[in-house]
Structures are given as structure tokens and as C-alpha cells.
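What's in run20.cif: mmCIF, C-alpha atoms
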data_upload
loop_
_atom_site.label_atom_id
_atom_site.label_comp_id
_atom_site.auth_asym_id
_atom_site.auth_seq_id
_atom_site.Cartn_x
_atom_site.Cartn_y
_atom_site.Cartn_z
CA GLY Q 5 -33.90 -73.35 -69.40
CA ILE Q 6 -30.20 -73.90 -68.68
CA LEU Q 7 -29.77 -70.32 -67.49
CA HIS Q 8 -32.61 -70.73 -65.04
CA SER Q 9 -31.44 -74.05 -63.64
CA THR Q 10 -27.79 -73.13 -63.13
CA MET Q 11 -27.96 -69.53 -62.03
CA MET Q 12 -31.13 -69.27 -60.05
CA ALA Q 13 -31.74 -72.74 -58.69
CA ALA Q 14 -33.23 -72.71 -55.20
CA PRO Q 15 -30.79 -73.86 -52.50
CA ALA Q 16 -30.92 -77.50 -51.34
CA ILE Q 17 -33.20 -78.02 -48.33
CA ARG Q 18 -31.94 -80.28 -45.57
CA THR Q 19 -34.50 -82.35 -43.65
CA ARG Q 20 -34.50 -85.87 -42.22
CA ILE Q 21 -36.21 -87.04 -45.42
CA THR Q 22 -33.77 -85.40 -47.86
CA SER Q 23 -30.93 -86.93 -45.79
CA LEU Q 24 -32.54 -90.38 -45.65
CA PHE Q 25 -33.39 -90.49 -49.37
CA GLY Q 26 -30.43 -88.48 -50.64
CA CYS Q 27 -32.50 -85.91 -52.56
CA LYS Q 28 -32.16 -82.13 -52.86
CA TYR Q 29 -35.71 -81.02 -52.04
CA PRO Q 30 -38.38 -82.42 -49.67
CA LEU Q 31 -40.91 -83.06 -52.44
CA ILE Q 32 -42.29 -86.51 -53.27
CA LEU Q 33 -44.33 -87.73 -56.24
CA PRO Q 34 -46.52 -90.50 -54.76
CA GLY Q 35 -47.31 -93.59 -56.85
CA MET Q 36 -50.56 -92.88 -58.72
CA SER Q 37 -51.83 -95.54 -61.12
CA TRP Q 38 -51.47 -94.56 -64.82
CA ILE Q 39 -49.89 -91.21 -63.81
CA SER Q 40 -46.66 -91.94 -61.91
CA ASP Q 41 -44.95 -93.59 -64.87
CA PRO Q 42 -41.21 -93.66 -65.71
CA ASN Q 43 -41.45 -90.30 -67.47
CA LEU Q 44 -42.99 -88.37 -64.57
CA VAL Q 45 -40.96 -90.26 -61.95
CA SER Q 46 -37.65 -89.35 -63.58
CA ALA Q 47 -38.79 -85.75 -64.17
CA VAL Q 48 -39.50 -85.30 -60.44
CA SER Q 49 -36.27 -87.04 -59.38
CA ASN Q 50 -34.23 -84.99 -61.88
CA ALA Q 51 -35.85 -81.81 -60.53
CA GLY Q 52 -34.52 -82.64 -57.03
CA GLY Q 53 -37.51 -84.44 -55.52
CA VAL Q 54 -38.22 -88.18 -55.34
CA GLY Q 55 -40.50 -89.83 -57.88
CA ILE Q 56 -42.32 -93.03 -56.88
CA LEU Q 57 -43.40 -95.40 -59.65
CA ALA Q 58 -46.98 -96.74 -59.42
CA THR Q 59 -46.87 -100.52 -59.95
CA GLY Q 60 -50.57 -101.26 -59.35
CA PRO Q 61 -51.45 -101.64 -63.04
CA LEU Q 62 -48.11 -103.28 -63.98
CA SER Q 63 -47.07 -106.92 -64.35
CA ALA Q 64 -43.71 -108.05 -62.92
CA ASP Q 65 -42.05 -107.71 -66.34
CA GLU Q 66 -43.52 -104.26 -66.91
CA THR Q 67 -42.33 -103.21 -63.46
CA ARG Q 68 -38.79 -104.39 -64.25
CA ASN Q 69 -38.77 -102.52 -67.58
CA ALA Q 70 -40.16 -99.38 -65.93
CA ILE Q 71 -37.42 -99.45 -63.25
CA ARG Q 72 -34.75 -99.80 -65.93
CA THR Q 73 -36.26 -96.96 -67.97
CA ILE Q 74 -36.20 -94.69 -64.90
CA ARG Q 75 -32.56 -95.62 -64.27
CA SER Q 76 -31.65 -94.72 -67.84
CA ASN Q 77 -33.37 -91.32 -67.43
CA THR Q 78 -31.94 -90.35 -64.04
CA ASP Q 79 -29.13 -91.18 -61.63
CA LYS Q 80 -31.12 -89.60 -58.78
CA PRO Q 81 -33.01 -91.48 -56.04
CA PHE Q 82 -36.49 -92.85 -56.89
CA GLY Q 83 -38.90 -95.39 -55.48
CA ILE Q 84 -41.67 -97.82 -56.36
CA GLY Q 85 -45.06 -98.08 -54.68
CA THR Q 86 -46.73 -101.36 -53.84
CA THR Q 87 -50.23 -101.79 -52.36
CA LEU Q 88 -49.86 -105.16 -50.64
CA LEU Q 89 -53.59 -105.87 -50.56
CA MET Q 90 -53.70 -105.94 -54.36
CA PRO Q 91 -53.05 -109.02 -56.49
CA GLY Q 92 -49.61 -108.98 -58.09
CA ALA Q 93 -48.14 -106.64 -55.48
CA GLU Q 94 -45.84 -109.28 -54.01
CA ALA Q 95 -44.37 -110.15 -57.40
CA ASN Q 96 -43.72 -106.47 -58.14
CA ALA Q 97 -42.08 -105.96 -54.75
CA LYS Q 98 -39.76 -108.91 -55.46
CA VAL Q 99 -38.75 -107.38 -58.79
CA ALA Q 100 -38.00 -104.06 -57.08
CA ILE Q 101 -35.82 -105.88 -54.54
CA GLU Q 102 -33.94 -107.74 -57.29
CA GLU Q 103 -33.37 -104.42 -59.06
CA GLN Q 104 -32.32 -102.85 -55.72
CA VAL Q 105 -34.69 -99.89 -56.00
CA PRO Q 106 -33.53 -97.33 -53.38
CA ILE Q 107 -36.96 -96.62 -51.87
CA ILE Q 108 -39.94 -98.96 -51.53
CA ASN Q 109 -43.25 -97.37 -50.56
CA ILE Q 110 -45.62 -99.94 -49.07
CA SER Q 111 -49.29 -99.53 -48.17
CA LEU Q 112 -52.28 -101.62 -47.04
CA GLY Q 113 -50.39 -104.60 -45.65
CA LYS Q 114 -47.51 -105.89 -43.51
CA GLY Q 115 -44.17 -105.58 -45.24
CA ASP Q 116 -41.66 -107.04 -42.76
CA TRP Q 117 -40.29 -109.50 -45.34
CA ILE Q 118 -39.81 -106.61 -47.80
CA ALA Q 119 -38.06 -104.44 -45.20
CA GLU Q 120 -35.60 -107.22 -44.31
CA ARG Q 121 -34.52 -107.69 -47.91
CA VAL Q 122 -34.48 -103.98 -48.79
CA HIS Q 123 -32.28 -103.16 -45.79
CA GLU Q 124 -29.75 -105.75 -46.95
CA TYR Q 125 -28.81 -103.49 -49.89
CA ASN Q 126 -29.28 -100.33 -47.78
CA GLY Q 127 -32.60 -99.41 -49.41
CA LYS Q 128 -35.28 -97.53 -47.48
CA ILE Q 129 -38.89 -98.37 -46.62
CA LEU Q 130 -41.50 -95.63 -46.72
CA ALA Q 131 -44.79 -96.91 -45.24
CA THR Q 132 -48.07 -95.16 -46.06
CA VAL Q 133 -50.43 -94.95 -43.06
CA THR Q 134 -53.48 -92.93 -41.99
CA ASN Q 135 -53.43 -93.32 -38.19
CA ALA Q 136 -51.22 -93.94 -35.14
CA LYS Q 137 -52.05 -97.65 -34.85
CA HIS Q 138 -50.94 -98.38 -38.40
CA ALA Q 139 -47.91 -96.13 -37.91
CA GLN Q 140 -46.82 -98.20 -34.91
CA SER Q 141 -47.25 -101.45 -36.80
CA ALA Q 142 -45.31 -100.08 -39.82
CA ILE Q 143 -42.42 -99.02 -37.56
CA ASP Q 144 -42.44 -102.46 -35.91
CA SER Q 145 -42.28 -104.01 -39.39
CA GLY Q 146 -39.12 -102.08 -40.26
CA ALA Q 147 -40.32 -98.83 -41.87
CA ASP Q 148 -37.61 -96.13 -42.09
CA ALA Q 149 -40.12 -93.33 -42.66
CA LEU Q 150 -43.87 -92.77 -42.71
CA MET Q 151 -46.06 -91.25 -45.38
CA LEU Q 152 -49.10 -89.84 -43.58
CA THR Q 153 -52.19 -89.54 -45.72
CA GLY Q 154 -54.62 -86.95 -44.39
CA HIS Q 155 -58.32 -86.60 -45.11
CA GLU Q 156 -57.65 -83.93 -47.76
CA ALA Q 157 -55.80 -86.37 -50.04
CA ALA Q 158 -56.88 -87.82 -53.36
CA ALA Q 159 -58.03 -91.44 -53.32
CA HIS Q 160 -57.64 -93.27 -49.99
CA GLY Q 161 -56.88 -90.68 -47.32
CA GLY Q 162 -57.64 -91.28 -43.67
CA ASP Q 163 -60.41 -89.69 -41.65
CA VAL Q 164 -58.10 -87.27 -39.79
CA THR Q 165 -56.96 -84.11 -41.60
CA SER Q 166 -53.28 -83.44 -42.27
CA LEU Q 167 -53.47 -80.41 -39.98
CA VAL Q 168 -54.08 -82.72 -37.00
CA LEU Q 169 -52.50 -85.98 -38.17
CA ILE Q 170 -48.97 -84.61 -38.74
CA PRO Q 171 -48.40 -83.01 -35.32
CA CYS Q 172 -50.05 -85.97 -33.55
CA ILE Q 173 -47.88 -88.60 -35.24
CA SER Q 174 -44.69 -86.54 -35.08
CA LYS Q 175 -45.24 -86.03 -31.34
CA ARG Q 176 -45.90 -89.73 -30.78
CA PHE Q 177 -42.98 -90.92 -32.93
CA PRO Q 178 -40.43 -88.08 -32.68
CA ASP Q 179 -37.59 -90.14 -34.20
CA VAL Q 180 -39.38 -91.19 -37.37
CA PRO Q 181 -39.09 -89.01 -40.50
CA ILE Q 182 -42.47 -88.04 -41.95
CA VAL Q 183 -43.73 -87.35 -45.47
CA ALA Q 184 -47.05 -85.49 -45.31
CA ALA Q 185 -49.64 -86.22 -48.02
CA GLY Q 186 -53.05 -84.60 -48.48
CA GLY Q 187 -53.53 -80.87 -48.96
CA PHE Q 188 -50.04 -79.93 -50.19
CA ALA Q 189 -49.58 -78.24 -53.55
CA ASP Q 190 -47.48 -75.10 -53.15
CA GLY Q 191 -44.73 -73.42 -51.10
CA ARG Q 192 -47.03 -72.19 -48.38
CA THR Q 193 -48.39 -75.66 -47.68
CA LEU Q 194 -44.85 -77.14 -47.75
CA SER Q 195 -43.75 -74.53 -45.21
CA ALA Q 196 -46.80 -75.32 -43.06
CA ALA Q 197 -46.09 -79.07 -43.19
CA ILE Q 198 -42.55 -78.51 -41.91
CA ALA Q 199 -43.90 -76.33 -39.10
CA LEU Q 200 -46.33 -79.12 -38.17
CA GLY Q 201 -43.52 -81.67 -37.83
CA ALA Q 202 -43.22 -83.19 -41.31
CA ASP Q 203 -39.90 -83.58 -43.14
CA ALA Q 204 -41.28 -83.54 -46.69
CA VAL Q 205 -44.57 -83.42 -48.57
CA ALA Q 206 -46.07 -85.67 -51.24
CA MET Q 207 -48.01 -83.75 -53.88
CA GLY Q 208 -49.97 -86.16 -56.04
CA SER Q 209 -52.61 -83.82 -57.46
CA ARG Q 210 -50.07 -81.04 -58.09
CA PHE Q 211 -47.51 -83.24 -59.89
CA ALA Q 212 -50.32 -84.94 -61.85
CA THR Q 213 -51.19 -81.53 -63.30
CA THR Q 214 -47.83 -80.82 -65.00
CA LYS Q 215 -46.59 -80.95 -68.60
CA GLU Q 216 -44.69 -84.22 -68.05
CA SER Q 217 -47.64 -86.02 -66.47
CA SER Q 218 -49.50 -88.57 -68.59
CA LEU Q 219 -52.84 -87.68 -67.01
CA ALA Q 220 -55.28 -86.96 -69.86
CA HIS Q 221 -54.99 -83.31 -70.92
CA GLN Q 222 -58.77 -82.79 -70.61
CA MET Q 223 -58.54 -83.74 -66.92
CA LYS Q 224 -55.55 -81.43 -66.33
CA GLU Q 225 -57.50 -78.52 -67.76
CA ILE Q 226 -60.53 -79.25 -65.57
CA ILE Q 227 -58.38 -79.56 -62.42
CA ALA Q 228 -56.40 -76.38 -63.21
CA ASN Q 229 -59.55 -74.31 -63.79
CA PRO Q 230 -60.07 -72.15 -60.66
CA GLU Q 231 -63.45 -70.71 -61.72
CA LEU Q 232 -66.12 -70.85 -59.01
CA SER Q 233 -68.75 -71.98 -61.50
CA GLY Q 234 -67.61 -74.79 -63.77
CA GLY Q 235 -64.07 -74.97 -62.38
CA SER Q 236 -62.46 -77.29 -59.84
CA THR Q 237 -62.10 -75.68 -56.42
CA GLU Q 238 -61.23 -77.20 -53.05
CA SER Q 239 -64.99 -77.84 -52.63
CA ASP Q 240 -65.36 -79.85 -55.85
CA THR Q 241 -64.49 -83.32 -54.57
CA ILE Q 242 -66.57 -86.20 -53.17
CA TYR Q 243 -65.42 -88.48 -50.34
CA GLY Q 244 -67.16 -91.82 -49.84
CA LYS Q 245 -66.70 -95.58 -49.79
CA ASN Q 246 -69.30 -96.69 -52.31
CA PHE Q 247 -66.96 -96.02 -55.17
CA ASP Q 248 -64.31 -98.72 -54.72
CA GLY Q 249 -64.98 -100.23 -51.29
CA ILE Q 250 -62.45 -98.09 -49.38
CA PRO Q 251 -63.30 -94.47 -48.49
CA ALA Q 252 -61.85 -92.43 -51.37
CA ARG Q 253 -61.80 -88.83 -52.57
CA VAL Q 254 -62.64 -88.20 -56.23
CA LEU Q 255 -63.39 -85.24 -58.50
CA LYS Q 256 -67.01 -84.16 -58.31
CA SER Q 257 -68.95 -85.01 -61.49
CA ALA Q 258 -72.36 -86.36 -62.43
CA GLU Q 259 -70.90 -89.86 -62.74
CA SER Q 260 -68.96 -89.87 -59.44
CA SER Q 261 -72.03 -88.50 -57.63
CA ARG Q 262 -74.17 -91.26 -59.11
CA LEU Q 263 -71.68 -94.02 -58.25
CA ASN Q 264 -71.27 -92.75 -54.73
CA LYS Q 265 -75.00 -92.79 -53.91
CA LYS Q 266 -75.35 -96.45 -53.02
CA PRO Q 267 -73.01 -99.42 -52.48
CA ALA Q 268 -72.83 -102.26 -55.00
CA SER Q 269 -75.22 -105.14 -54.30
CA LEU Q 270 -73.96 -108.46 -52.93
CA PRO Q 271 -74.58 -110.44 -56.15
CA LEU Q 272 -72.69 -107.78 -58.11
CA VAL Q 273 -69.72 -107.96 -55.72
CA ILE Q 274 -69.61 -111.77 -55.94
CA TYR Q 275 -69.80 -111.54 -59.73
CA ARG Q 276 -66.94 -109.01 -59.71
CA ALA Q 277 -64.87 -111.19 -57.38
CA PHE Q 278 -65.26 -114.19 -59.71
CA ASN Q 279 -64.51 -111.96 -62.67
CA ALA Q 280 -61.36 -110.58 -61.06
CA ALA Q 281 -60.29 -114.11 -60.08
CA GLN Q 282 -60.68 -115.28 -63.65
CA LYS Q 283 -58.62 -112.38 -65.00
CA MET Q 284 -55.88 -113.13 -62.48
CA ASN Q 285 -56.05 -116.90 -63.02
CA ILE Q 286 -57.03 -117.60 -59.41
CA PRO Q 287 -59.01 -120.87 -59.17
CA LEU Q 288 -62.57 -120.44 -57.87
CA TYR Q 289 -62.10 -122.79 -54.91
CA LYS Q 290 -59.66 -120.18 -53.57
CA VAL Q 291 -62.11 -117.33 -54.04
CA ILE Q 292 -65.17 -118.87 -52.37
CA PRO Q 293 -63.62 -119.32 -48.86
CA GLY Q 294 -62.29 -115.76 -49.21
CA LEU Q 295 -65.80 -114.46 -49.82
CA ILE Q 296 -66.93 -116.17 -46.62
CA THR Q 297 -64.03 -115.63 -44.20
CA GLN Q 298 -62.42 -112.51 -45.60
CA PHE Q 299 -65.44 -110.90 -47.11
CA ASP Q 300 -64.28 -107.34 -46.42
CA LYS Q 301 -61.02 -107.94 -48.23
CA MET Q 302 -62.60 -109.70 -51.17
CA TYR Q 303 -65.23 -106.98 -51.33
CA MET Q 304 -62.52 -104.33 -51.52
CA VAL Q 305 -60.54 -106.15 -54.20
CA ALA Q 306 -63.70 -106.82 -56.22
CA GLN Q 307 -64.83 -103.20 -55.94
CA PHE Q 308 -61.33 -102.09 -56.87
CA GLY Q 309 -61.48 -104.16 -60.05
CA ALA Q 310 -64.77 -102.59 -61.06
CA ALA Q 311 -63.53 -99.09 -60.20
CA THR Q 312 -60.49 -99.54 -62.43
CA GLU Q 313 -62.65 -99.18 -65.53
CA SER Q 314 -64.17 -95.86 -64.38
CA LEU Q 315 -60.79 -94.55 -63.28
CA MET Q 316 -59.11 -95.35 -66.59
CA LYS Q 317 -61.91 -93.66 -68.50
CA ALA Q 318 -61.04 -90.36 -66.80
CA THR Q 319 -57.31 -90.61 -66.11
CA VAL Q 320 -56.25 -92.26 -69.36
CA ASP Q 321 -59.02 -91.35 -71.85
CA GLY Q 322 -59.94 -87.93 -70.41
CA ASN Q 323 -63.63 -88.83 -70.36
CA TYR Q 324 -64.93 -86.56 -67.57
CA ASP Q 325 -68.61 -87.41 -68.18
CA GLU Q 326 -68.31 -91.19 -67.83
CA GLY Q 327 -65.09 -91.60 -65.84
CA VAL Q 328 -64.02 -91.02 -62.26
CA GLN Q 329 -60.86 -89.10 -61.33
CA PHE Q 330 -59.03 -89.42 -58.00
CA ILE Q 331 -58.18 -85.87 -56.86
CA GLY Q 332 -57.30 -84.09 -53.61
CA GLN Q 333 -58.84 -80.96 -52.10
CA SER Q 334 -55.53 -79.26 -52.97
CA GLN Q 335 -56.90 -78.92 -56.50
CA GLY Q 336 -58.17 -75.58 -55.16
CA LEU Q 337 -54.51 -74.43 -55.24
CA ILE Q 338 -53.84 -75.72 -58.76
CA GLU Q 339 -54.32 -73.09 -61.46
CA ASP Q 340 -51.77 -73.92 -64.15
CA ILE Q 341 -49.99 -76.78 -65.95
CA PRO Q 342 -46.26 -76.04 -65.53
CA ALA Q 343 -43.16 -78.12 -66.32
CA VAL Q 344 -42.02 -80.18 -63.30
CA ASP Q 345 -38.67 -78.42 -62.86
CA GLU Q 346 -40.25 -74.96 -63.01
CA LEU Q 347 -42.90 -76.06 -60.49
CA VAL Q 348 -40.34 -77.46 -58.03
CA GLN Q 349 -38.25 -74.27 -58.15
CA ARG Q 350 -41.32 -72.12 -57.62
CA ILE Q 351 -42.51 -74.19 -54.65
CA ILE Q 352 -39.14 -74.22 -52.88
CA LEU Q 353 -38.62 -70.47 -53.31
CA GLU Q 354 -42.17 -69.78 -52.11
CA ALA Q 355 -41.66 -72.05 -49.07
CA ILE Q 356 -38.47 -70.20 -48.11
CA GLU Q 357 -40.26 -66.86 -48.50
CA THR Q 358 -43.26 -68.02 -46.45
CA SER Q 359 -41.08 -69.39 -43.66
CA SER Q 360 -39.14 -66.15 -43.38
CA GLN Q 361 -42.39 -64.17 -43.18
CA THR Q 362 -43.63 -66.51 -40.44
CA TYR Q 363 -40.33 -66.09 -38.60
CA GLU Q 364 -40.58 -62.30 -38.84
CA THR Q 365 -44.11 -62.36 -37.52
CA LEU Q 366 -43.21 -64.56 -34.55
CA SER Q 367 -39.67 -63.45 -33.74
CA GLU Q 368 -38.73 -60.77 -31.27
CA LYS Q 369 -36.78 -58.92 -33.95
CA ARG Q 370 -40.07 -57.35 -35.06
CA MET Q 371 -39.87 -53.90 -36.53
CA THR Q 372 -41.14 -51.55 -33.79
#
Let's see the structure in the file written out as C-alpha cells.
Amino acid sequence: GILHSTMMAAPAIRTRITSLFGCKYPLILPGMSWISDPNLVSAVSNAGGVGILATGPLSADETRNAIRTIRSNTDKPFGIGTTLLMPGAEANAKVAIEEQVPIINISLGKGDWIAERVHEYNGKILATVTNAKHAQSAIDSGADALMLTGHEAAAHGGDVTSLVLIPCISKRFPDVPIVAAGGFADGRTLSAAIALGADAVAMGSRFATTKESSLAHQMKEIIANPELSGGSTESDTIYGKNFDGIPARVLKSAESSRLNKKPASLPLVIYRAFNAAQKMNIPLYKVIPGLITQFDKMYMVAQFGAATESLMKATVDGNYDEGVQFIGQSQGLIEDIPAVDELVQRIILEAIETSSQTYETLSEKRMT
């Protein structure tokens, strides 16, 4: 281990993202509920990337403890993710600001108040977006960098593929550093992302399928199986909005196919909304106007609550038959379950190799 890391470590890669975040390699672990925990976050940061803690399932106190655990495991940069649409997100963001977390990754909401306070201690805002309109609004709200989620991504990707989204956004906003998410899982795809105008890649599915990840081992083995029959290839995902109310990509299974067939009925959604409100101690008189005026939002939050159960069955319990697993099309590139550090080294060296091959192919110094 020590021999490998001191003698053969891949050289540091310099991009606008590694400069902005102060990391060695342009690799990001995005915040994935129940997977991006302090253990995986610090493993990725220690390996030279940037780990982002998922705070969706955490209370404010749990978030504070998680941040302190990460700090005791690494002195490298890390971040926390907060989905502003979700209940409890604001409280978690405030905790992260109090703890002066270096990078805050915000999604699904306006974070100007967060940006103001984070910039006071010289922290950075990474805003997750799926299109140019949201990118513009994130930049106006103080984002330092954008995470672009393409159609290939696990969970809530946009409707434009990474192949098109990255060059479009980087052309439109040439001064904004970009983290590309959706379809990236090895050195070749990292090299391609940089060629397309990105400054780093986020690799959720790939980092989820490592030794240090707390994703259920049964799920890791299914994802890492490349067999055409019975394995998980790039074709074995389902994308649809009937699962949790927002279009999402999940692992293909009998259960996810069944859930995706038809949307939940109105009475069921209202029941779920009341249920969620009760769990979060929100009085009903606050929920009812929401159902009328902000039905779409309430619908999403209610669906999200119901989806949580299915997601945990797969991600936490490893129950493939009854659960639902968020996964990206990049699972087609995932064929093993390595240690994080070994994976990072392999990806960087492969990216360097790929880029030099591309350069040879396109440069005039071709062998005649």
C-alpha cells in the first residue's frame, strides 16, 4: 500500500476545479443518500478527490457530527450536499455554515443566502443544475462552480445528455468551472469530459461500488456484474418520473419496472403528504394550502417520502427484489469493487494515457 502511494502516485492534475477546491485530482464523490457518509467522503478526499457528504437523511445534529467525523479523518477539502426542496435542508445548511465546511453543494432551490454566508469564510458554492436556465440562475445566486447532471446520471439527471450539456454550458458560461456528472466512471470518460469543457467529473455510481462504500454488498455485486444476461450493463436502467415524482434513473428490476408503470393516485399522494407532515411535525393547516397552491412541490416531497422506503430496502438492506436502487448508465463500465485510492490512481493514469493517445491521433506529429 505505502509503496504504491509514495512511489507510483499519479501526478497532480491542475484544472479550474482542483484550483478552486484545493484538491489534487478532478474527481468528485457526489452526495448520495445512505452512501456518501463520513467514511466514503474522507476516503475520496484522502485519495486526492473531493468527497461530498449527503445530508438528506440526516438531522442537524447528525450533520454536525458527520462533519466533525470527516474532519477527524482527513485534513483535505470536502463538502456537504443540500437539496433545498427537501424538509430539513435549511437547518443542515446552517450547520455546515457554522462548521465552515469548505464546499457546499446546493440543488433544487435558490441558495443566495447560503452563498453570502459561505463566501464570508471563503468557502465555495457548487450548484447542481441540468440546463442553461438553472445554470444562469445559480450563477446569479452566487455559485462559484456548476455541477452539470446529464441524462446518463443516476437519480435525477436532466433530459440532455452529458455529451451535449457540457459543451453547451461551457460555451455559454466560459468563466465558470464545471463538474460533469452522468456517464463518468473511468479514465477515458474523465479525459472526454475535459475535452468537452468540464474541469472535473463526479462519479456517483463508480464511487458507490468501492470497498469503502456503505452501499449494501449485494447491490455492489449486481452493479459490478458485466454479464449480458443477468448482469448490469449500460442498458439495465429505467428512467421515469412515476417513481418519486421527479424523473429519475434507477436500476432495472421487477420492482422498479412495476413502480414505474403508473403514477401514484391523488388520494395516495395526499395521504403521503399528511404522513410526511406528521413525521416532520408540520401542522396540517400548513400542508393543505401547499397541496392547493404548490401541488407540484408537495407532490414531489410526498412521492419522495414514499420512495425513501424502497430506496433504503435496496441501498441499505441489499434487497434487490423489493427495493429500488438509484444507478447511472455508467454501471456498464463498472466491473469490480476496488479500494477508493486504488480506483483514483487507476482512473487518473488511464485519463493521462487516453489524452496522450488522442493528442497523437490529432496532432501533426503523427508517425508517417
Could you build a table of the residues in segment 17-65 of chain Q lying no more than 9 Å from segment 206-209 of chain Q, giving for each the nearest pair of atoms and their separation in Å rounded to one decimal place, using all atoms listed in the file, ordered by chain and ascending residue number, as a tab-separated table?
residue	atom	partner	partner_atom	distance
Q:Pro30	CA	Q:Ala206	CA	8.5
Q:Leu31	CA	Q:Ala206	CA	5.9
Q:Ile32	CA	Q:Ala206	CA	4.4
Q:Leu33	CA	Q:Ala206	CA	5.7
Q:Pro34	CA	Q:Gly208	CA	5.7
Q:Gly35	CA	Q:Gly208	CA	7.9
Q:Met36	CA	Q:Gly208	CA	7.3
Q:Ser40	CA	Q:Gly208	CA	8.9
With 10 Å as the threshold, what does the neighbourhood of (-58.2, -95.0, -66.9) contain in terms of residues, counting all atoms listed in the file? Coordinates are those of the file; answer as a VMD selection string.
chain Q and resid 37 to 39 219 to 220 311 to 323 327 to 329
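Take the candidates Q:Gln104, Q:Ser145, Q:Asn229, Q:Thr362 and check each one against Glu120 of chain Q using only C-alpha atoms; the shortest distance goes to Q:Ser145.
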Name the residues that the PyMOL selection byres ((chain Q and resi 160-167) around 7) picks from the file above, as an MDAnalysis selection string, using the file's chain letters and numbers.
chainID Q and resid 134 153:159 168:170 186 250:253
For segment 129-131 of chain Q, find every residue with an atom within 6 Å (counting all atoms listed in the file), except residues of its own chain fewer than 5 positions away, and show them as an mmCIF file with C-alpha atoms, in the frame of the given file.
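Writing the result to result_2.cif gives the following:
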data_model
loop_
_atom_site.group_PDB
_atom_site.id
_atom_site.type_symbol
_atom_site.label_atom_id
_atom_site.label_comp_id
_atom_site.auth_asym_id
_atom_site.auth_seq_id
_atom_site.Cartn_x
_atom_site.Cartn_y
_atom_site.Cartn_z
ATOM 1 C CA ILE Q 107 -36.960 -96.620 -51.870
ATOM 2 C CA ILE Q 108 -39.940 -98.960 -51.530
ATOM 3 C CA ASN Q 109 -43.250 -97.370 -50.560
ATOM 4 C CA ILE Q 110 -45.620 -99.940 -49.070
ATOM 5 C CA SER Q 111 -49.290 -99.530 -48.170
ATOM 6 C CA ALA Q 147 -40.320 -98.830 -41.870
ATOM 7 C CA ASP Q 148 -37.610 -96.130 -42.090
ATOM 8 C CA ALA Q 149 -40.120 -93.330 -42.660
ATOM 9 C CA LEU Q 150 -43.870 -92.770 -42.710
ATOM 10 C CA MET Q 151 -46.060 -91.250 -45.380
#
Gly115 of chain Q environment, 8 Å, only C-alpha atoms, sequence neighbours closer than 2 positions dropped, as a list in words
Leu88, Ile110, Gly113, Trp117, Ile118, Ala119, Ala142, Ser145 and Gly146 of chain Q
Could you work out an axis-aligned box for segment 134-145 of chain Q, taking every atom the file lists and adding 8 Å on each side, and report centre and edge lengths in Å to one decimal, as AutoDock Vina command-line options?
--center_x -47.9 --center_y -98.5 --center_z -38.4 --size_x 27.2 --size_y 27.1 --size_z 23.1
To one decimal place, how far is atom CA of Ser239 of chain Q from atom CA of Val205 of chain Q in Å?
21.6 Å
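We find atom CA of Gly234 of chain Q and atom CA of Ser257 of chain Q to be spaced 10.6 Å apart.
Taking atom CA of Gly60 of chain Q and atom CA of Asp248 of chain Q as endpoints, the distance between them is 14.7 Å.
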